[in-house]
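**Student:** Please read through the structure below; I'll follow up with questions.
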Amino acid sequence: MQVSEAWLRELVNPGIETATLIEQLTMAGLEVDAVEPAAAEFNNVVVAQVVSMEQHPNADKLKVCQVNVGEAEPVQIVCGAQNVRPGLKIPAALIGAVLPGDFKIKKSKLRGELSFGMLCSEQELGLAPDADGLMELSDSAPVGTDIREYLSLNDSMIEVDLTPNRADCLSVEGIAREIAVLNKLPMQAVAFENKAVEHAQQQSIAVNEAQHCPRYLGRLIQNVDPKAETPLWMQEKLRRSGIRSLGPLVDVTNYVLIELGQPLHAFDADTLQGGIQVRKSIKDESLALLNDQTITLDDETLVIADDKRALALAGVMGGSETAVTDDTRNIFLECAFFSPISIAGKARQYGLHTDSSHRFERGVDFTLQHRAIERATQLIVDICGGSVGAISEVKDEACLPERAAVQLRPHRIEKILGVTLSGDEVQRIFNGLGMQVVSNADGWEITPPGFRFDIAIEADLLEEIGRIVGYNNLPNSSLLMRSELGTAVESILPQDRIKDFLVDRDYQEAITYSFVDENIQQLIAPDDQTISLKNPISSELSVMRTTLWCGLLNAALYNINRQQSRVRLFETGLSFLSKQGETVQQAKIAGLASGNVNAEQWGEKARKVDFFDVKADLEAIFKLTGYAVDFKAAKHPALHPGQSAQLVLADGEVMGCMGMLHPTLEQQLGFDNKVFLFELDLELLTRKKIPQFNALSKFPSVKRDLAVIVDEKTTAAEIIRCINDCQESAIRDVHIFDIYQGQGVETGKKSVALSLNLQDYTQTLTDSEIDAIFSKVLDTLTSTLGAKLRD
């Protein structure tokens, strides 16, 4: 919100400097982002009037003008502007003047004719980026007056960065109200007289969506002067608010928007075909907007329409077909209250953001419409003339917002803020903020006004007191906090331990958006039902992720494209699935590895990361939990069908999956190296088996090797699990030390060499006992896996 300081001081003028005013606003929660002068530095420029004009004898495009600058005699100034003419009042820079850019005005001779100054445009005074001619002043401008004084250019433009809950300050009146309360001064609200109704014609209005538009006002103003011009004072106020002049009818609606905070729109009444309707759009209906953009509407957008077509995007922007022009004689002036929920996100959906949508999304005072339309009518008639019709209003009281009273207790002020306020001071603060205050036995019952959508509970009222009293004026106090040490549950593995472990294994933690590109989401998990956002930040962040791989792949690609060829990332976060109409959130941990196994070094040859490197990382994590996890071959749409696995616990629960990114996806996403991924259920991963002590045996252990022939699809985990299932207490450890396929081994089979470590707690094992154990192991392998002893 950008506003002129001078405009604010018209409503409330505290005796403080600009710097103090800025500090007050910032400390009250209205953060001032920037303060800039209303005009660049220049001097010795006065209001002047062209008395007479002659053609330059030596130049077709130049005129020799006699100009009254408020001195005894007119001065001669040579000018080449197209709009220079006798009687015109303009700014004139006199000899000795310094214009923006350190441009000094000196006595000069142009094509043989003396010139004692320069007639100026807005551009030359630094008031506009460009100009078509001289800056034309009002006929009532006093000749000889310093232009800075006449235009009040010794002013500052204040840019206030408002939080979304403070829509009440998106107007001059709103900010002035804050200044008045902060300085304990009365505010002079904008005063004007309503124009008398002069004709009986009205435009019919039908509101089909009362819950979205509970109040709609309109009035016909006929026979406005199409040749009227926006007065300079209004143009200047709009310019200092960051709005350029577009003609008096549009300027008035923008002026009231900035002054009171109520958006309005003027239709060319002669272009309307039938009555006004407030309705939902028809799917695939098109609307040509004022910005020359034509949009195709869905069936959920609120529009203003007539009997034939949509005229405007409600609360956002008008349409070009019914826009006012330089030939408009009759207008239909609209002023409405649209509920914030009906406008929220609609502008962004169509790639728009307007002053109107910015206000309606946050909430406009639902009691302001009558005052705003009367103010706009008064300004239009004063500037453009015209005959005023009666106001047509359609409203639904049941759909208008309600303002419930909130109880404020004195002891809560003292406890939360540490200050004691008198009843009069509480009354002054809240009355100054536009709220109704009623005293009762428990304190005060305070009812917020229509322009405050953010006051709902007692804490909101305490915040208001804190703002107005001043946070820097509240006493400092030390917090007393009693706390008890919680118990550390040994059966839960802390997330931070897992994260630290991955960092120790050279992974780096990433944090990515929970919102992802729908196209990437479909590529990675085409079978998942996604949740689409109604109000996405951008089209690239339009759905909730069902897997953390979307963000990690983007992060990896971003780094690889910036010469980081070795990438190892992990992330913890939530995934979001839609199941039977409900949103299911699941905590997950996911990782990615690509490039070389090790950073560049001299100790060993460079080698690319592979499936088993990532598998080793996961197995190391699982050792922290104490649970055995099987890697079972399984297909996943995002992974290579021959290098992907499901991670399954002993009880059959699936913990997650891992594997190599599918070559097709690798190519589509733009990767040059193979990418390996894993994703685990964080809840399952943090379950930890409580370790138990086993006494050490005092008897010697025996190590025996065994080689068996099994089917080539049999996994190492299946073999080890089968041996452990023998229930032989003497088997302490089993590990595989060799796998062979080739000569001497049948096709489709493989030889697996195992080493068994045997030890008993009660005796030294004899050869016969060892042979019996081996025989039992071999029988179990044969019956379960079809294994046979290798010769």
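Letters for chains follow the order of the structure tokens (A, B, ...), residue numbers begin at 1 for each chain, and ligand numbers begin at 1 in the order shown.
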Taking 4 positions as the minimum chain separation for residues in the same chain, which residues sit within 12 Å of A:Leu232 when counting only C-alpha atoms? Answer as a list in words.
**Tutor:**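 Result of the neighbour search: Ile90, Glu122, Met135, Glu136, Leu137, Ser138, Asp139, Ser140, Ala141, Tyr150, Leu151, Ser152, Glu236, Lys237, Leu238, Arg239, Arg244, Ser245, Gly247, Pro248, Asp251 and Ile383 of chain A.
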**Student:** Next, dump the selected residues to file, keeping only N, CA and C atoms, as a CSV table (one decimal), in the first residue's frame.
**Tutor:**
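Done, and the output landed in selection20.csv:
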```
chain,number,residue,atom,x,y,z
A,90,ILE,N,1.1,26.6,-17.4
A,90,ILE,CA,2.1,25.5,-17.4
A,90,ILE,C,3.2,25.8,-16.4
A,122,GLU,N,5.6,17.0,-17.4
A,122,GLU,CA,5.8,16.2,-16.2
A,122,GLU,C,7.1,15.4,-16.2
A,135,MET,N,3.0,20.1,-19.3
A,135,MET,CA,2.1,19.8,-18.2
A,135,MET,C,1.1,20.9,-18.1
A,136,GLU,N,-0.2,20.6,-18.3
A,136,GLU,CA,-1.2,21.6,-18.3
A,136,GLU,C,-1.8,21.7,-16.9
A,137,LEU,N,-1.8,23.0,-16.4
A,137,LEU,CA,-2.3,23.3,-15.1
A,137,LEU,C,-3.7,23.8,-15.2
A,138,SER,N,-4.4,23.8,-14.0
A,138,SER,CA,-5.8,24.4,-13.9
A,138,SER,C,-5.8,25.8,-14.3
A,139,ASP,N,-6.9,26.3,-14.8
A,139,ASP,CA,-7.1,27.7,-15.1
A,139,ASP,C,-7.0,28.6,-13.9
A,140,SER,N,-7.3,27.9,-12.7
A,140,SER,CA,-7.3,28.7,-11.5
A,140,SER,C,-5.9,28.8,-10.8
A,141,ALA,N,-4.9,28.1,-11.4
A,141,ALA,CA,-3.6,28.1,-10.8
A,141,ALA,C,-3.0,29.5,-10.8
A,150,TYR,N,2.4,24.9,-5.2
A,150,TYR,CA,1.1,24.7,-5.8
A,150,TYR,C,0.7,23.3,-5.8
A,151,LEU,N,1.6,22.4,-6.2
A,151,LEU,CA,1.3,21.0,-6.3
A,151,LEU,C,1.6,20.2,-5.0
A,152,SER,N,2.0,20.9,-3.9
A,152,SER,CA,2.3,20.2,-2.7
A,152,SER,C,3.3,19.1,-2.9
A,236,GLU,N,-2.5,13.9,-9.0
A,236,GLU,CA,-1.3,13.9,-8.2
A,236,GLU,C,-1.5,12.9,-7.0
A,237,LYS,N,-2.6,12.9,-6.4
A,237,LYS,CA,-2.9,12.0,-5.3
A,237,LYS,C,-2.8,10.5,-5.8
A,238,LEU,N,-3.3,10.3,-7.0
A,238,LEU,CA,-3.3,8.9,-7.5
A,238,LEU,C,-1.8,8.5,-7.9
A,239,ARG,N,-1.1,9.5,-8.5
A,239,ARG,CA,0.3,9.2,-8.8
A,239,ARG,C,1.1,8.8,-7.6
A,244,ARG,N,-1.7,5.5,-12.2
A,244,ARG,CA,-1.6,6.5,-13.3
A,244,ARG,C,-3.1,6.9,-13.7
A,245,SER,N,-3.2,8.1,-14.1
A,245,SER,CA,-4.5,8.7,-14.5
A,245,SER,C,-4.9,8.0,-15.8
A,247,GLY,N,-8.3,8.8,-17.1
A,247,GLY,CA,-9.6,9.5,-17.4
A,247,GLY,C,-10.4,9.6,-16.2
A,248,PRO,N,-11.3,10.6,-16.1
A,248,PRO,CA,-12.0,11.0,-14.9
A,248,PRO,C,-12.8,9.9,-14.3
A,251,ASP,N,-10.6,7.3,-12.9
A,251,ASP,CA,-9.8,7.9,-11.8
A,251,ASP,C,-10.6,8.0,-10.5
A,383,ILE,N,-16.9,16.5,-11.3
A,383,ILE,CA,-15.8,16.6,-12.4
A,383,ILE,C,-16.5,16.5,-13.7
```
**Student:** Could you pull the residues within 6 Å of A:Asp306, counting only C-alpha atoms, minus those fewer than 3 positions along the same chain, as a PyMOL selection string?
**Tutor:** chain A and resi 273-277+309
**Student:** For stretch 287-303 of chain A, find every residue with an atom within 9 Å (counting only C-alpha atoms), except residues of its own chain fewer than 6 positions away, and show them as a VMD selection string.
**Tutor:** chain A and resid 209 212 to 213 277 to 281 309 to 315 317 to 321 323 342 to 343 346 350
**Student:** So, counting only C-alpha atoms, which residue among A:Thr447, A:Thr271, A:Ser121, A:Asn473 is closest to A:Leu408?
**Tutor:**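 Closest to A:Leu408, using only C-alpha atoms: A:Thr447.
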**Student:** Give me every helix (DSSP H, G or I) residue in stretch 252-399 of chain A, going by DSSP on the backbone, as a PyMOL selection string.
**Tutor:** chain A and resi 252-260+269-271+340-343+346-349+355-362+369-384+397-399
**Student:** Store the residues picked out above, limited to C-alpha atoms, as an mmCIF file, in the first residue's frame.
**Tutor:**
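Output saved as part00.cif:
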```cif
data_model
loop_
_atom_site.group_PDB
_atom_site.id
_atom_site.type_symbol
_atom_site.label_atom_id
_atom_site.label_comp_id
_atom_site.auth_asym_id
_atom_site.auth_seq_id
_atom_site.Cartn_x
_atom_site.Cartn_y
_atom_site.Cartn_z
ATOM 1 C CA VAL A 252 -12.694 8.489 -9.479
ATOM 2 C CA THR A 253 -13.200 4.781 -8.822
ATOM 3 C CA ASN A 254 -9.458 4.389 -8.157
ATOM 4 C CA TYR A 255 -9.499 7.478 -5.929
ATOM 5 C CA VAL A 256 -12.296 6.093 -3.753
ATOM 6 C CA LEU A 257 -10.499 2.741 -3.651
ATOM 7 C CA ILE A 258 -7.413 4.410 -2.160
ATOM 8 C CA GLU A 259 -9.307 6.892 -0.002
ATOM 9 C CA LEU A 260 -11.891 4.557 1.568
ATOM 10 C CA ALA A 269 -24.466 1.758 -19.506
ATOM 11 C CA ASP A 270 -25.171 1.977 -23.239
ATOM 12 C CA THR A 271 -23.282 -1.283 -23.855
ATOM 13 C CA PRO A 340 -13.299 -13.105 0.796
ATOM 14 C CA ILE A 341 -13.681 -16.848 0.231
ATOM 15 C CA SER A 342 -15.372 -16.307 -3.139
ATOM 16 C CA ILE A 343 -12.542 -14.111 -4.456
ATOM 17 C CA LYS A 346 -9.512 -16.478 -8.418
ATOM 18 C CA ALA A 347 -7.222 -13.683 -9.612
ATOM 19 C CA ARG A 348 -4.164 -15.931 -9.384
ATOM 20 C CA GLN A 349 -6.036 -18.731 -11.137
ATOM 21 C CA ASP A 355 -5.908 -3.656 -6.352
ATOM 22 C CA SER A 356 -9.506 -4.790 -6.213
ATOM 23 C CA SER A 357 -8.771 -8.515 -5.760
ATOM 24 C CA HIS A 358 -6.066 -7.697 -3.221
ATOM 25 C CA ARG A 359 -8.679 -6.022 -1.021
ATOM 26 C CA PHE A 360 -11.616 -8.387 -1.528
ATOM 27 C CA GLU A 361 -9.430 -11.437 -0.801
ATOM 28 C CA ARG A 362 -8.521 -9.957 2.577
ATOM 29 C CA GLN A 369 -20.803 0.320 0.158
ATOM 30 C CA HIS A 370 -23.435 3.091 0.520
ATOM 31 C CA ARG A 371 -20.870 5.649 1.625
ATOM 32 C CA ALA A 372 -18.432 4.666 -1.123
ATOM 33 C CA ILE A 373 -20.957 4.860 -3.965
ATOM 34 C CA GLU A 374 -22.185 8.233 -2.716
ATOM 35 C CA ARG A 375 -18.594 9.516 -2.527
ATOM 36 C CA ALA A 376 -17.852 8.289 -6.052
ATOM 37 C CA THR A 377 -21.101 9.850 -7.315
ATOM 38 C CA GLN A 378 -20.218 13.216 -5.760
ATOM 39 C CA LEU A 379 -16.767 13.220 -7.374
ATOM 40 C CA ILE A 380 -18.066 12.118 -10.792
ATOM 41 C CA VAL A 381 -20.745 14.791 -10.856
ATOM 42 C CA ASP A 382 -18.363 17.499 -9.635
ATOM 43 C CA ILE A 383 -15.836 16.610 -12.351
ATOM 44 C CA CYS A 384 -17.929 15.290 -15.252
ATOM 45 C CA GLU A 397 -28.703 -9.909 5.607
ATOM 46 C CA ALA A 398 -28.339 -13.597 6.501
ATOM 47 C CA CYS A 399 -25.241 -13.902 4.309
#
```
**Student:** So which residues touch A:Thr163 within 12 Å, counting only C-alpha atoms, skipping near sequence neighbours fewer than 2 positions away, as a PDB file with all heavy atoms, in the first residue's frame?
**Tutor:**
```
ATOM      1  N   MET A   1       0.864  -1.187   0.000  1.00  0.00           N
ATOM      2  CA  MET A   1       0.000   0.000   0.000  1.00  0.00           C
ATOM      3  C   MET A   1       0.894   1.229   0.000  1.00  0.00           C
ATOM      4  O   MET A   1       1.698   1.423   0.905  1.00  0.00           O
ATOM      5  CB  MET A   1      -0.897  -0.020   1.237  1.00  0.00           C
ATOM      6  CG  MET A   1      -1.688   1.260   1.483  1.00  0.00           C
ATOM      7  SD  MET A   1      -3.014   1.499   0.298  1.00  0.00           S
ATOM      8  CE  MET A   1      -3.671   3.067   0.845  1.00  0.00           C
ATOM      9  N   THR A  26       5.501   1.568  11.900  1.00  0.00           N
ATOM     10  CA  THR A  26       6.212   0.292  11.906  1.00  0.00           C
ATOM     11  C   THR A  26       6.053  -0.414  13.248  1.00  0.00           C
ATOM     12  O   THR A  26       5.776  -1.620  13.305  1.00  0.00           O
ATOM     13  CB  THR A  26       7.700   0.511  11.591  1.00  0.00           C
ATOM     14  OG1 THR A  26       7.816   1.084  10.275  1.00  0.00           O
ATOM     15  CG2 THR A  26       8.467  -0.806  11.618  1.00  0.00           C
ATOM     16  N   ALA A  28       3.679  -0.128  15.261  1.00  0.00           N
ATOM     17  CA  ALA A  28       2.278  -0.523  15.451  1.00  0.00           C
ATOM     18  C   ALA A  28       1.883  -1.691  14.556  1.00  0.00           C
ATOM     19  O   ALA A  28       0.712  -2.065  14.486  1.00  0.00           O
ATOM     20  CB  ALA A  28       1.363   0.661  15.184  1.00  0.00           C
ATOM     21  N   GLY A  29       2.855  -2.278  13.863  1.00  0.00           N
ATOM     22  CA  GLY A  29       2.568  -3.446  13.034  1.00  0.00           C
ATOM     23  C   GLY A  29       2.318  -3.127  11.580  1.00  0.00           C
ATOM     24  O   GLY A  29       2.085  -4.036  10.786  1.00  0.00           O
ATOM     25  N   LEU A  30       2.378  -1.845  11.192  1.00  0.00           N
ATOM     26  CA  LEU A  30       2.210  -1.452   9.791  1.00  0.00           C
ATOM     27  C   LEU A  30       3.597  -1.119   9.264  1.00  0.00           C
ATOM     28  O   LEU A  30       4.011   0.038   9.215  1.00  0.00           O
ATOM     29  CB  LEU A  30       1.271  -0.250   9.657  1.00  0.00           C
ATOM     30  CG  LEU A  30      -0.057  -0.331  10.416  1.00  0.00           C
ATOM     31  CD1 LEU A  30      -0.890   0.913  10.149  1.00  0.00           C
ATOM     32  CD2 LEU A  30      -0.840  -1.573  10.025  1.00  0.00           C
ATOM     33  N   GLU A  31       4.324  -2.146   8.877  1.00  0.00           N
ATOM     34  CA  GLU A  31       5.743  -1.972   8.549  1.00  0.00           C
ATOM     35  C   GLU A  31       5.921  -1.099   7.308  1.00  0.00           C
ATOM     36  O   GLU A  31       5.358  -1.376   6.243  1.00  0.00           O
ATOM     37  CB  GLU A  31       6.386  -3.329   8.323  1.00  0.00           C
ATOM     38  CG  GLU A  31       7.874  -3.239   8.059  1.00  0.00           C
ATOM     39  CD  GLU A  31       8.503  -4.597   7.833  1.00  0.00           C
ATOM     40  OE1 GLU A  31       7.769  -5.610   7.924  1.00  0.00           O
ATOM     41  OE2 GLU A  31       9.707  -4.652   7.558  1.00  0.00           O
ATOM     42  N   VAL A  32       6.714  -0.046   7.447  1.00  0.00           N
ATOM     43  CA  VAL A  32       7.002   0.844   6.328  1.00  0.00           C
ATOM     44  C   VAL A  32       8.218   0.308   5.595  1.00  0.00           C
ATOM     45  O   VAL A  32       9.305   0.200   6.161  1.00  0.00           O
ATOM     46  CB  VAL A  32       7.247   2.287   6.823  1.00  0.00           C
ATOM     47  CG1 VAL A  32       7.668   3.180   5.654  1.00  0.00           C
ATOM     48  CG2 VAL A  32       5.990   2.834   7.482  1.00  0.00           C
ATOM     49  N   VAL A 160       3.678   0.994   2.709  1.00  0.00           N
ATOM     50  CA  VAL A 160       3.436   0.198   3.908  1.00  0.00           C
ATOM     51  C   VAL A 160       3.218  -1.254   3.501  1.00  0.00           C
ATOM     52  O   VAL A 160       2.406  -1.550   2.625  1.00  0.00           O
ATOM     53  CB  VAL A 160       2.200   0.727   4.680  1.00  0.00           C
ATOM     54  CG1 VAL A 160       2.019  -0.058   5.978  1.00  0.00           C
ATOM     55  CG2 VAL A 160       2.350   2.206   4.978  1.00  0.00           C
ATOM     56  N   ASP A 161       3.970  -2.160   4.133  1.00  0.00           N
ATOM     57  CA  ASP A 161       3.839  -3.595   3.866  1.00  0.00           C
ATOM     58  C   ASP A 161       2.899  -4.182   4.916  1.00  0.00           C
ATOM     59  O   ASP A 161       3.283  -4.390   6.062  1.00  0.00           O
ATOM     60  CB  ASP A 161       5.209  -4.268   3.932  1.00  0.00           C
ATOM     61  CG  ASP A 161       5.152  -5.740   3.552  1.00  0.00           C
ATOM     62  OD1 ASP A 161       4.109  -6.162   3.025  1.00  0.00           O
ATOM     63  OD2 ASP A 161       6.132  -6.462   3.796  1.00  0.00           O
ATOM     64  N   ASN A 165      -3.942  -9.865   7.471  1.00  0.00           N
ATOM     65  CA  ASN A 165      -5.083  -9.637   8.363  1.00  0.00           C
ATOM     66  C   ASN A 165      -5.429  -8.161   8.524  1.00  0.00           C
ATOM     67  O   ASN A 165      -6.429  -7.828   9.154  1.00  0.00           O
ATOM     68  CB  ASN A 165      -4.790 -10.240   9.745  1.00  0.00           C
ATOM     69  CG  ASN A 165      -3.635  -9.535  10.442  1.00  0.00           C
ATOM     70  OD1 ASN A 165      -2.594  -9.315   9.834  1.00  0.00           O
ATOM     71  ND2 ASN A 165      -3.804  -9.199  11.699  1.00  0.00           N
ATOM     72  N   ARG A 166      -4.609  -7.260   7.968  1.00  0.00           N
ATOM     73  CA  ARG A 166      -4.855  -5.832   8.164  1.00  0.00           C
ATOM     74  C   ARG A 166      -5.360  -5.161   6.895  1.00  0.00           C
ATOM     75  O   ARG A 166      -4.857  -4.134   6.450  1.00  0.00           O
ATOM     76  CB  ARG A 166      -3.589  -5.144   8.676  1.00  0.00           C
ATOM     77  CG  ARG A 166      -3.144  -5.555  10.060  1.00  0.00           C
ATOM     78  CD  ARG A 166      -4.270  -5.470  11.099  1.00  0.00           C
ATOM     79  NE  ARG A 166      -4.921  -4.180  11.161  1.00  0.00           N
ATOM     80  CZ  ARG A 166      -4.491  -3.166  11.898  1.00  0.00           C
ATOM     81  NH1 ARG A 166      -3.422  -3.305  12.657  1.00  0.00           N
ATOM     82  NH2 ARG A 166      -5.139  -2.016  11.911  1.00  0.00           N
ATOM     83  N   ALA A 167      -6.400  -5.746   6.312  1.00  0.00           N
ATOM     84  CA  ALA A 167      -7.006  -5.144   5.118  1.00  0.00           C
ATOM     85  C   ALA A 167      -7.641  -3.799   5.433  1.00  0.00           C
ATOM     86  O   ALA A 167      -7.860  -2.986   4.529  1.00  0.00           O
ATOM     87  CB  ALA A 167      -8.053  -6.092   4.532  1.00  0.00           C
ATOM     88  N   ASP A 168      -7.944  -3.543   6.715  1.00  0.00           N
ATOM     89  CA  ASP A 168      -8.549  -2.262   7.084  1.00  0.00           C
ATOM     90  C   ASP A 168      -7.613  -1.093   6.836  1.00  0.00           C
ATOM     91  O   ASP A 168      -8.054   0.061   6.788  1.00  0.00           O
ATOM     92  CB  ASP A 168      -8.947  -2.281   8.567  1.00  0.00           C
ATOM     93  CG  ASP A 168      -7.756  -2.519   9.475  1.00  0.00           C
ATOM     94  OD1 ASP A 168      -7.135  -3.602   9.407  1.00  0.00           O
ATOM     95  OD2 ASP A 168      -7.428  -1.627  10.268  1.00  0.00           O
ATOM     96  N   CYS A 169      -6.319  -1.352   6.679  1.00  0.00           N
ATOM     97  CA  CYS A 169      -5.357  -0.284   6.438  1.00  0.00           C
ATOM     98  C   CYS A 169      -4.987  -0.160   4.961  1.00  0.00           C
ATOM     99  O   CYS A 169      -4.005   0.514   4.625  1.00  0.00           O
ATOM    100  CB  CYS A 169      -4.106  -0.500   7.280  1.00  0.00           C
ATOM    101  SG  CYS A 169      -4.391  -0.237   9.039  1.00  0.00           S
ATOM    102  N   LEU A 170      -5.755  -0.805   4.094  1.00  0.00           N
ATOM    103  CA  LEU A 170      -5.531  -0.649   2.655  1.00  0.00           C
ATOM    104  C   LEU A 170      -6.270   0.572   2.127  1.00  0.00           C
ATOM    105  O   LEU A 170      -6.891   0.540   1.065  1.00  0.00           O
ATOM    106  CB  LEU A 170      -5.970  -1.921   1.916  1.00  0.00           C
ATOM    107  CG  LEU A 170      -5.057  -3.133   2.084  1.00  0.00           C
ATOM    108  CD1 LEU A 170      -5.723  -4.396   1.559  1.00  0.00           C
ATOM    109  CD2 LEU A 170      -3.722  -2.909   1.376  1.00  0.00           C
ATOM    110  N   HIS A 358      -6.916  -7.739  -4.416  1.00  0.00           N
ATOM    111  CA  HIS A 358      -6.066  -7.697  -3.221  1.00  0.00           C
ATOM    112  C   HIS A 358      -6.895  -7.342  -1.991  1.00  0.00           C
ATOM    113  O   HIS A 358      -6.683  -7.893  -0.903  1.00  0.00           O
ATOM    114  CB  HIS A 358      -4.956  -6.666  -3.430  1.00  0.00           C
ATOM    115  CG  HIS A 358      -3.913  -6.656  -2.355  1.00  0.00           C
ATOM    116  ND1 HIS A 358      -2.916  -7.598  -2.286  1.00  0.00           N
ATOM    117  CD2 HIS A 358      -3.727  -5.825  -1.301  1.00  0.00           C
ATOM    118  CE1 HIS A 358      -2.167  -7.345  -1.238  1.00  0.00           C
ATOM    119  NE2 HIS A 358      -2.624  -6.275  -0.620  1.00  0.00           N
ATOM    120  N   ARG A 359      -7.851  -6.449  -2.153  1.00  0.00           N
ATOM    121  CA  ARG A 359      -8.679  -6.022  -1.021  1.00  0.00           C
ATOM    122  C   ARG A 359      -9.802  -7.016  -0.734  1.00  0.00           C
ATOM    123  O   ARG A 359     -10.043  -7.365   0.421  1.00  0.00           O
ATOM    124  CB  ARG A 359      -9.237  -4.627  -1.287  1.00  0.00           C
ATOM    125  CG  ARG A 359      -8.168  -3.533  -1.119  1.00  0.00           C
ATOM    126  CD  ARG A 359      -8.548  -2.229  -1.802  1.00  0.00           C
ATOM    127  NE  ARG A 359      -7.566  -1.203  -1.501  1.00  0.00           N
ATOM    128  CZ  ARG A 359      -6.389  -1.093  -2.087  1.00  0.00           C
ATOM    129  NH1 ARG A 359      -6.029  -1.961  -3.016  1.00  0.00           N
ATOM    130  NH2 ARG A 359      -5.551  -0.121  -1.757  1.00  0.00           N
ATOM    131  N   ARG A 362      -8.846 -10.147   1.168  1.00  0.00           N
ATOM    132  CA  ARG A 362      -8.521  -9.957   2.577  1.00  0.00           C
ATOM    133  C   ARG A 362      -9.718  -9.488   3.393  1.00  0.00           C
ATOM    134  O   ARG A 362      -9.737  -9.646   4.614  1.00  0.00           O
ATOM    135  CB  ARG A 362      -7.365  -8.949   2.699  1.00  0.00           C
ATOM    136  CG  ARG A 362      -6.051  -9.556   2.264  1.00  0.00           C
ATOM    137  CD  ARG A 362      -5.049  -8.500   1.805  1.00  0.00           C
ATOM    138  NE  ARG A 362      -3.755  -9.135   1.493  1.00  0.00           N
ATOM    139  CZ  ARG A 362      -3.525  -9.811   0.383  1.00  0.00           C
ATOM    140  NH1 ARG A 362      -4.479  -9.952  -0.533  1.00  0.00           N
ATOM    141  NH2 ARG A 362      -2.337 -10.356   0.171  1.00  0.00           N
ATOM    142  N   ASP A 454     -10.219  -9.485  11.682  1.00  0.00           N
ATOM    143  CA  ASP A 454      -9.203 -10.222  12.432  1.00  0.00           C
ATOM    144  C   ASP A 454      -9.420 -10.185  13.938  1.00  0.00           C
ATOM    145  O   ASP A 454      -8.557 -10.622  14.690  1.00  0.00           O
ATOM    146  CB  ASP A 454      -7.821  -9.641  12.117  1.00  0.00           C
ATOM    147  CG  ASP A 454      -7.706  -8.162  12.468  1.00  0.00           C
ATOM    148  OD1 ASP A 454      -8.719  -7.450  12.361  1.00  0.00           O
ATOM    149  OD2 ASP A 454      -6.618  -7.720  12.856  1.00  0.00           O
TER     150      ASP A 454
END
```
**Student:** Have a look at A:Cys65, A:Ala730, A:Leu758, A:Val567 and name the one nearest to A:Val702; count only C-alpha atoms.
**Tutor:**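 Checking each of A:Cys65, A:Ala730, A:Leu758, A:Val567 against A:Val702, counting only C-alpha atoms, the winner is A:Leu758.
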**Student:** Run DSSP on the backbone of this structure and report the residues of stretch 687-752 of chain A it assigns to strand (DSSP E or B), as a list in words.
**Tutor:**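 These are the residues in question: Arg687, Val702, Lys703, Arg704, Asp705, Leu706, Ala707, Val708, Ile709, Val710, Asp711, Ile731, Arg732, Asp733, Val734, His735, Ile736, Phe737, Asp738, Ile739, Tyr740, Lys749, Lys750, Ser751 and Val752 of chain A.
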**Student:** Using only C-alpha atoms, which of the listed residues (A:Asn68, A:Thr322, A:Ser387, A:Gln743) sits closest to A:Val224?
**Tutor:** A:Ser387
**Student:** So what do you get for atom CA of A:Ser575 versus atom CA of A:Leu685, distance-wise?
**Tutor:** 15.6 Å
**Student:** Considering only C-alpha atoms, can you say which of A:Arg428, A:Arg452, A:Arg562, A:Lys499 comes closest to A:Ile465?
**Tutor:** A:Arg428
**Student:** If we count only C-alpha atoms and set the cut-off at 12 Å, which residues sit around stretch 478-482 of chain A, ignoring sequence neighbours fewer than 3 positions away in its own chain? Please answer as an MDAnalysis selection string.
**Tutor:** chainID A and resid 416 418 475 485
**Student:** Just want the 9 Å neighbourhood of stretch 770-785 of chain A, counted on only C-alpha atoms, with same-chain residues fewer than 2 positions away dropped. Output as a list in words.
**Tutor:**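 Here the answer would be Val702, Arg704, Leu706, Val708, Val710, Asp711, Thr714, Glu718, Ile719, Cys722, Ile723, Asn724, Asp725, Cys726, Glu728, Ala730, Ile731, Leu758, Leu765, Thr766, Asp767, Ser768, Ala787, Lys788 and Leu789 of chain A.
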**Student:** My list of candidates is A:Gly126, A:Asp365, A:Leu474, A:Val437. Which is closest to A:Val419 when distances are computed with only C-alpha atoms?
**Tutor:**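 Selected residue with least distance to A:Val419: A:Leu474.
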**Student:** Using Å and a single decimal, report how far atom CA of A:Val98 sits from atom CA of A:Arg85.
**Tutor:**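 Atom-to-atom, atom CA of A:Arg85 to atom CA of A:Val98, that is 24.9 Å.
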**Student:** Record the distance separating atom CA of A:Asn472 and atom CA of A:Thr18, expressed in Å with one decimal.
**Tutor:**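 Atom CA of A:Asn472 sits 19.4 Å away from atom CA of A:Thr18.
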**Student:** Nearest to A:Leu368: which of A:Leu618, A:Leu272, A:Leu264, A:Val426 is it, counting only C-alpha atoms?
**Tutor:**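 Among A:Leu618, A:Leu272, A:Leu264, A:Val426, it is A:Leu264 that comes nearest to A:Leu368.
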**Student:** Could you make a table, as CSV, of the residues of stretch 67-120 of chain A that have an atom within 12 Å of an atom of stretch 37-41 of chain A, each with its nearest atom pair and distance in Å to one decimal, counting only C-alpha atoms, in chain and number order?
**Tutor:**
```
residue,atom,partner,partner_atom,distance
A:Ala97,CA,A:Glu41,CA,10.8
A:Val98,CA,A:Glu41,CA,8.3
A:Leu99,CA,A:Glu41,CA,7.1
A:Pro100,CA,A:Glu41,CA,5.9
A:Gly101,CA,A:Glu41,CA,8.7
A:Asp102,CA,A:Glu41,CA,8.9
A:Phe103,CA,A:Glu41,CA,10.8
```
